[in-house]
file entry.tsv (TSV, C-alpha atoms)
chain	number	residue	atom	x	y	z
A	1	MET	CA	-19.60	-10.16	-2.84
A	2	HIS	CA	-15.82	-10.45	-3.04
A	3	HIS	CA	-14.56	-11.87	0.26
A	4	ASN	CA	-12.02	-10.03	2.37
A	5	SER	CA	-9.94	-13.09	3.13
A	6	SER	CA	-7.91	-12.53	-0.01
A	7	ILE	CA	-5.20	-10.44	1.72
A	8	ASN	CA	-4.77	-13.20	4.26
A	9	ASP	CA	-4.94	-15.92	1.59
A	10	LYS	CA	-2.23	-14.08	-0.32
A	11	LEU	CA	-0.07	-13.77	2.80
A	12	LYS	CA	-0.23	-17.56	3.22
A	13	GLU	CA	1.21	-18.22	-0.24
A	14	ASP	CA	4.66	-19.77	-0.25
A	15	LYS	CA	6.49	-16.89	-1.94
A	16	LYS	CA	7.82	-13.42	-1.33
A	17	LEU	CA	5.13	-10.89	-2.22
A	18	LEU	CA	5.46	-7.81	-4.36
A	19	SER	CA	2.99	-5.00	-3.74
A	20	ILE	CA	2.94	-1.90	-5.95
A	21	TYR	CA	1.77	1.56	-4.94
A	22	PHE	CA	0.65	4.20	-7.43
A	23	SER	CA	-1.27	7.46	-7.23
A	24	ALA	CA	-4.77	7.07	-8.69
A	25	GLY	CA	-5.31	9.48	-11.58
A	26	TYR	CA	-1.63	9.57	-12.57
A	27	PRO	CA	-0.12	9.98	-15.14
A	28	ASN	CA	-3.60	10.59	-16.58
A	29	LEU	CA	-6.96	10.71	-14.84
A	30	ASN	CA	-8.30	7.54	-16.45
A	31	ASP	CA	-5.16	5.39	-16.18
A	32	THR	CA	-6.23	3.84	-12.86
A	33	LYS	CA	-7.93	0.70	-14.18
A	34	THR	CA	-5.33	0.12	-16.91
A	35	ILE	CA	-2.51	0.27	-14.35
A	36	ILE	CA	-4.25	-2.14	-11.97
A	37	GLU	CA	-5.01	-4.68	-14.71
A	38	SER	CA	-1.48	-4.44	-16.15
A	39	LEU	CA	0.08	-4.92	-12.72
A	40	GLU	CA	-1.98	-8.04	-12.10
A	41	ASN	CA	-1.09	-9.41	-15.54
A	42	SER	CA	2.60	-8.77	-14.79
A	43	GLY	CA	2.49	-11.02	-11.73
A	44	VAL	CA	2.17	-8.46	-8.92
A	45	ASP	CA	0.63	-9.88	-5.71
A	46	MET	CA	-1.11	-6.83	-4.26
A	47	ILE	CA	-1.81	-3.24	-5.22
A	48	GLU	CA	-2.01	-0.10	-3.11
A	49	ILE	CA	-4.10	2.53	-4.83
A	50	GLY	CA	-3.06	5.96	-3.60
A	51	LEU	CA	-5.90	8.38	-2.90
A	52	PRO	CA	-4.34	11.75	-3.74
A	53	PHE	CA	-4.39	14.43	-1.05
A	54	SER	CA	-3.35	18.08	-1.25
A	55	ASP	CA	-1.15	17.98	1.85
A	56	PRO	CA	0.84	14.72	1.80
A	57	LEU	CA	3.07	15.02	4.85
A	58	ALA	CA	4.99	11.76	4.83
A	59	ASP	CA	5.51	11.28	1.11
A	60	GLY	CA	8.73	11.76	-0.76
A	61	PRO	CA	8.93	14.23	-3.68
A	62	THR	CA	8.06	11.63	-6.35
A	63	ILE	CA	4.81	10.57	-4.70
A	64	GLN	CA	3.95	14.17	-3.76
A	65	GLU	CA	4.38	15.25	-7.37
A	66	SER	CA	2.25	12.37	-8.70
A	67	SER	CA	-0.41	13.20	-6.11
A	68	GLN	CA	-0.45	16.88	-7.14
A	69	ILE	CA	-0.70	15.95	-10.83
A	70	ALA	CA	-3.54	13.50	-10.09
A	71	LEU	CA	-5.44	16.25	-8.24
A	72	HIS	CA	-4.73	18.64	-11.10
A	73	ASN	CA	-6.08	15.98	-13.47
A	74	GLY	CA	-9.32	16.12	-11.47
A	75	MET	CA	-9.00	13.04	-9.27
A	76	THR	CA	-11.44	12.91	-6.34
A	77	THR	CA	-12.66	10.18	-3.99
A	78	ASN	CA	-15.91	9.93	-5.96
A	79	ILE	CA	-14.11	9.59	-9.27
A	80	LEU	CA	-11.81	6.92	-7.86
A	81	PHE	CA	-14.79	4.90	-6.67
A	82	GLN	CA	-16.41	5.29	-10.12
A	83	GLN	CA	-13.22	4.08	-11.80
A	84	LEU	CA	-13.06	1.04	-9.52
A	85	GLU	CA	-16.78	0.23	-9.78
A	86	ASN	CA	-16.34	-2.95	-11.88
A	87	ILE	CA	-12.72	-3.76	-11.07
A	88	ARG	CA	-13.60	-7.17	-9.64
A	89	GLU	CA	-14.86	-8.29	-13.06
A	90	THR	CA	-11.25	-8.37	-14.24
A	91	VAL	CA	-8.96	-8.30	-11.19
A	92	LYS	CA	-8.55	-11.01	-8.54
A	93	ILE	CA	-5.54	-9.91	-6.45
A	94	PRO	CA	-5.94	-7.94	-3.21
A	95	LEU	CA	-6.48	-4.20	-3.61
A	96	LEU	CA	-5.90	-1.66	-0.86
A	97	ILE	CA	-6.51	2.06	-0.80
A	98	MET	CA	-3.75	4.08	0.79
A	99	GLY	CA	-4.50	7.62	1.79
A	100	TYR	CA	-4.59	10.27	4.44
A	101	PHE	CA	-7.47	10.36	6.86
A	102	ASN	CA	-8.78	13.83	5.93
A	103	PRO	CA	-10.43	12.88	2.58
A	104	ILE	CA	-11.89	9.74	4.16
A	105	LEU	CA	-13.33	11.79	7.02
A	106	GLN	CA	-14.76	14.30	4.54
A	107	TYR	CA	-16.39	11.49	2.58
A	108	GLY	CA	-17.74	9.97	5.80
A	109	VAL	CA	-15.85	7.05	7.28
A	110	GLU	CA	-18.79	4.65	7.18
A	111	ASN	CA	-19.73	5.67	3.63
A	112	PHE	CA	-16.11	5.21	2.60
A	113	CYS	CA	-15.89	1.73	4.15
A	114	LYS	CA	-19.22	0.77	2.61
A	115	ARG	CA	-18.11	1.83	-0.88
A	116	CYS	CA	-14.86	-0.09	-0.46
A	117	ALA	CA	-16.78	-3.22	0.49
A	118	GLU	CA	-19.19	-2.86	-2.45
A	119	ILE	CA	-16.33	-2.47	-4.92
A	120	GLY	CA	-14.22	-5.27	-3.44
A	121	ILE	CA	-11.41	-3.29	-1.84
A	122	ASP	CA	-9.70	-5.52	0.73
A	123	GLY	CA	-8.08	-3.05	3.05
A	124	LEU	CA	-6.95	0.46	3.88
A	125	ILE	CA	-3.63	2.01	4.82
A	126	ILE	CA	-4.08	5.39	6.54
A	127	PRO	CA	-0.66	6.57	7.74
A	128	ASP	CA	-1.97	9.49	9.81
A	129	LEU	CA	-4.79	7.66	11.62
A	130	PRO	CA	-3.39	6.83	15.09
A	131	VAL	CA	-3.94	3.24	16.18
A	132	ASP	CA	-5.69	4.26	19.41
A	133	ILE	CA	-8.18	6.55	17.64
A	134	TYR	CA	-8.83	3.75	15.14
A	135	ILE	CA	-9.54	1.21	17.90
A	136	GLU	CA	-11.79	3.61	19.79
A	137	ASN	CA	-13.82	5.09	16.94
A	138	TYR	CA	-13.51	3.15	13.70
A	139	LYS	CA	-12.48	-0.48	14.22
A	140	PHE	CA	-16.11	-1.63	14.41
A	141	LEU	CA	-16.81	-0.03	11.00
A	142	PHE	CA	-13.83	-1.71	9.35
A	143	GLU	CA	-14.96	-5.02	10.78
A	144	LYS	CA	-18.57	-4.43	9.74
A	145	TYR	CA	-17.43	-3.96	6.14
A	146	GLY	CA	-14.73	-6.65	6.17
A	147	LEU	CA	-11.78	-4.31	5.63
A	148	VAL	CA	-8.26	-5.02	6.82
A	149	ASN	CA	-6.57	-1.95	8.33
A	150	VAL	CA	-2.81	-1.85	7.91
A	151	PHE	CA	-0.58	0.01	10.37
A	152	LEU	CA	2.93	1.33	9.82
A	153	ILE	CA	6.00	0.80	11.97
A	154	THR	CA	9.38	2.51	11.56
A	155	PRO	CA	12.88	1.89	12.95
A	156	GLN	CA	11.92	4.35	15.72
A	157	THR	CA	8.78	2.48	16.83
A	158	SER	CA	9.28	0.99	20.31
A	159	GLU	CA	9.06	-2.74	20.86
A	160	ASP	CA	5.99	-2.30	23.10
A	161	ARG	CA	4.25	-0.27	20.42
A	162	ILE	CA	5.10	-2.84	17.74
A	163	ARG	CA	3.65	-5.63	19.91
A	164	TYR	CA	0.52	-3.56	20.48
A	165	ILE	CA	0.12	-2.89	16.74
A	166	ASP	CA	0.65	-6.59	16.07
A	167	SER	CA	-2.06	-7.49	18.58
A	168	VAL	CA	-4.67	-5.26	16.91
A	169	SER	CA	-3.75	-6.05	13.29
A	170	ASN	CA	-5.42	-8.70	11.16
A	171	GLY	CA	-3.47	-8.68	7.92
A	172	PHE	CA	0.07	-7.45	7.54
A	173	ILE	CA	2.24	-4.77	9.11
A	174	TYR	CA	3.70	-2.10	6.83
A	175	MET	CA	7.33	-1.84	7.85
A	176	VAL	CA	8.81	1.49	6.82
A	177	SER	CA	12.43	0.81	5.95
A	178	SER	CA	13.79	4.12	7.06
A	179	ALA	CA	12.85	7.14	9.14
A	180	SER	CA	13.35	9.41	6.16
A	181	VAL	CA	10.81	10.09	3.42
A	182	THR	CA	10.17	7.55	0.68
A	183	GLY	CA	12.10	6.90	-2.47
A	184	ASN	CA	15.71	6.63	-1.39
A	185	GLN	CA	18.07	5.16	-3.97
A	186	GLY	CA	20.77	2.54	-3.68
A	187	ILE	CA	21.00	-0.51	-1.48
A	188	PHE	CA	20.07	-0.87	2.16
A	189	GLY	CA	22.91	-0.24	4.61
A	190	GLU	CA	23.73	-2.11	7.78
A	191	SER	CA	21.37	-0.19	10.06
A	192	GLN	CA	18.47	-1.08	7.74
A	193	THR	CA	19.34	-4.75	7.49
A	194	ASN	CA	19.78	-4.90	11.28
A	195	TYR	CA	16.31	-3.42	11.65
A	196	PHE	CA	14.83	-5.99	9.25
A	197	GLU	CA	16.43	-8.77	11.27
A	198	ARG	CA	15.40	-7.30	14.63
A	199	ILE	CA	11.73	-7.21	13.59
A	200	ALA	CA	11.94	-10.75	12.17
A	201	ASN	CA	13.29	-11.94	15.52
A	202	MET	CA	10.23	-10.54	17.29
A	203	LYS	CA	8.20	-13.35	15.67
A	204	LEU	CA	5.09	-11.20	15.20
A	205	LYS	CA	1.80	-12.91	14.36
A	206	ASN	CA	1.20	-10.62	11.36
A	207	PRO	CA	3.59	-10.90	8.40
A	208	GLN	CA	5.46	-7.74	7.43
A	209	LEU	CA	5.78	-6.00	4.09
A	210	VAL	CA	8.69	-3.58	3.78
A	211	GLY	CA	8.15	-0.26	2.04
A	212	PHE	CA	10.31	2.78	1.12
A	213	GLY	CA	13.57	2.62	-0.82
A	214	ILE	CA	12.89	-0.53	-2.87
A	215	ASN	CA	13.44	-0.06	-6.57
A	216	ASP	CA	14.99	-3.18	-8.14
A	217	LYS	CA	15.70	-6.87	-7.70
A	218	THR	CA	18.60	-6.24	-5.28
A	219	THR	CA	16.65	-4.05	-2.86
A	220	PHE	CA	13.59	-6.32	-3.22
A	221	ASN	CA	15.69	-9.34	-2.21
A	222	GLN	CA	17.31	-7.43	0.66
A	223	ALA	CA	13.95	-6.25	1.96
A	224	THR	CA	12.35	-9.69	1.76
A	225	LYS	CA	15.22	-11.71	3.22
A	226	PHE	CA	13.45	-11.57	6.60
A	227	ALA	CA	10.05	-10.11	5.65
A	228	LYS	CA	7.12	-11.60	3.73
A	229	GLY	CA	7.19	-9.06	0.95
A	230	ALA	CA	7.96	-5.56	-0.21
A	231	ILE	CA	6.11	-2.52	-1.46
A	232	ILE	CA	7.38	-0.36	-4.31
A	233	GLY	CA	6.00	3.13	-4.86
A	234	SER	CA	8.36	5.90	-5.94
A	235	ALA	CA	10.40	3.77	-8.36
A	236	PHE	CA	7.20	2.62	-10.08
A	237	ILE	CA	5.83	6.17	-10.33
A	238	LYS	CA	9.15	7.34	-11.83
A	239	PHE	CA	8.84	4.52	-14.34
A	240	LEU	CA	5.29	5.61	-15.26
A	241	LYS	CA	6.48	9.19	-15.65
A	242	GLU	CA	9.19	8.13	-18.11
A	243	ASN	CA	7.41	5.29	-19.93
A	244	GLY	CA	3.66	5.74	-19.53
A	245	VAL	CA	1.32	2.83	-18.80
A	246	ASN	CA	2.03	0.61	-21.81
A	247	THR	CA	5.19	-1.18	-20.69
A	248	ILE	CA	4.50	-1.85	-17.00
A	249	ASP	CA	5.52	-5.47	-17.57
A	250	ASN	CA	9.12	-4.34	-18.17
A	251	PHE	CA	9.29	-2.71	-14.77
A	252	ILE	CA	7.95	-5.75	-12.91
A	253	LYS	CA	10.22	-8.17	-14.84
A	254	ASN	CA	13.22	-6.38	-13.37
A	255	ILE	CA	12.09	-7.13	-9.82
A	256	ILE	CA	10.55	-10.59	-9.63

call {"tool": "encode", "arguments": {"input": "entry.tsv", "output": "structure tokens"}}
result
Amino acid sequence: MHHNSSINDKLKEDKKLLSIYFSAGYPNLNDTKTIIESLENSGVDMIEIGLPFSDPLADGPTIQESSQIALHNGMTTNILFQQLENIRETVKIPLLIMGYFNPILQYGVENFCKRCAEIGIDGLIIPDLPVDIYIENYKFLFEKYGLVNVFLITPQTSEDRIRYIDSVSNGFIYMVSSASVTGNQGIFGESQTNYFERIANMKLKNPQLVGFGINDKTTFNQATKFAKGAIIGSAFIKFLKENGVNTIDNFIKNII
């Protein structure tokens, strides 16, 4: 079986990492595998596969819309797992599933973790699963199935909380670049860059990947000046909306 060290192996590589987020089942239901394979071929380091949910609280309009379209296309947890069934025959880079806790709970947390392990998913990002609830009720399952759980911090997260999250993490920390919803345009202002530097100065044991507001080479370089890597979601989904899945390489070339 595919070994779960690949996120941590990737984090040890001597380069700034680019992770791409997309909503599974968007633009079309069966694009999932094509997108993943194209992203790997384009030189992306990690992929976050979005599990669409009908009530996406923290997502910006672009991701919300792609999630709604994916659901309308018929995407479900079962279908996603079917689509990913043989993904490890072609794809080597780390794959994470990012989604809200509700669909995972409905599927059964242990069943969900088990399926992820069977398919070769490396980790999960569940923005609305509180760290304490995770530790108390689910950590043992993630460990049983070799899954990395990734927690989010924001500019509002207290230093104590960040240190606590760092102490219970075993992969990377998802550093939200701004308190606002995802997909902001333009370059990062001073308050953002100060935040990036402040976190870097904490010398956390887990590397950080910055997400939200990254859309080109400039913002990628700004975000990764102090951090290990960056995550692009909204800008990639906009690109898919305008260009479909056939020219993904062009998008990635403009960043790395």

call {"tool": "residues_around", "arguments": {"input": "entry.tsv", "residues": "segment 7-11 of chain A", "least_positions_apart": "3", "cutoff": "9 Å", "atoms": "only C-alpha atoms", "output": "PyMOL selection string"}}
result
chain A and resi 4+14-17+45-46+93-95+122-123+148+170-172+207+228-229

call {"tool": "closest_residue", "arguments": {"input": "entry.tsv", "among": "A:Phe212, A:Tyr164, A:Ala223, A:Glu37", "to": "Thr193 of chain A", "atoms": "all atoms listed in the file"}}
result
A:Ala223

call {"tool": "closest_residue", "arguments": {"input": "entry.tsv", "among": "A:Gln208, A:Gln192, A:Asn215, A:Ser178", "to": "Ile237 of chain A", "atoms": "all atoms listed in the file"}}
result
A:Asn215

call {"tool": "residues_around", "arguments": {"input": "entry.tsv", "residues": "Gln156 of chain A", "least_positions_apart": "4", "cutoff": "12 Å", "atoms": "all atoms listed in the file", "output": "PyMOL selection string"}}
result
chain A and resi 152+160-162+175-180+191-192+195+199

call {"tool": "atom_distance", "arguments": {"input": "entry.tsv", "atom1": "atom CA of Ile256 of chain A", "atom2": "atom CA of Ile173 of chain A"}}
result
21.3 Å

call {"tool": "closest_atom_pairs", "arguments": {"input": "entry.tsv", "of": "segment 148-254 of chain A", "to": "segment 65-71 of chain A", "cutoff": "10 Å", "atoms": "only C-alpha atoms", "output": "JSON lines"}}
result
{"residue": "A:Ser234", "atom": "CA", "partner": "A:Ser66", "partner_atom": "CA", "distance": 9.3}
{"residue": "A:Ile237", "atom": "CA", "partner": "A:Ser66", "partner_atom": "CA", "distance": 7.3}
{"residue": "A:Lys238", "atom": "CA", "partner": "A:Ser66", "partner_atom": "CA", "distance": 9.1}
{"residue": "A:Leu240", "atom": "CA", "partner": "A:Ser66", "partner_atom": "CA", "distance": 9.9}
{"residue": "A:Lys241", "atom": "CA", "partner": "A:Ser66", "partner_atom": "CA", "distance": 8.7}

call {"tool": "residues_near_point", "arguments": {"input": "entry.tsv", "point": "(-16.8, -11.3, -12.6)", "cutoff": "12 Å", "atoms": "all atoms listed in the file", "output": "ChimeraX atom specification"}}
result
/A:1-2,85-92,119-120

call {"tool": "atom_distance", "arguments": {"input": "entry.tsv", "atom1": "atom CA of Gly233 of chain A", "atom2": "atom CA of Lys205 of chain A"}}
result
25.4 Å

call {"tool": "atom_distance", "arguments": {"input": "entry.tsv", "atom1": "atom CA of Ile252 of chain A", "atom2": "atom CA of Ile63 of chain A"}}
result
18.5 Å
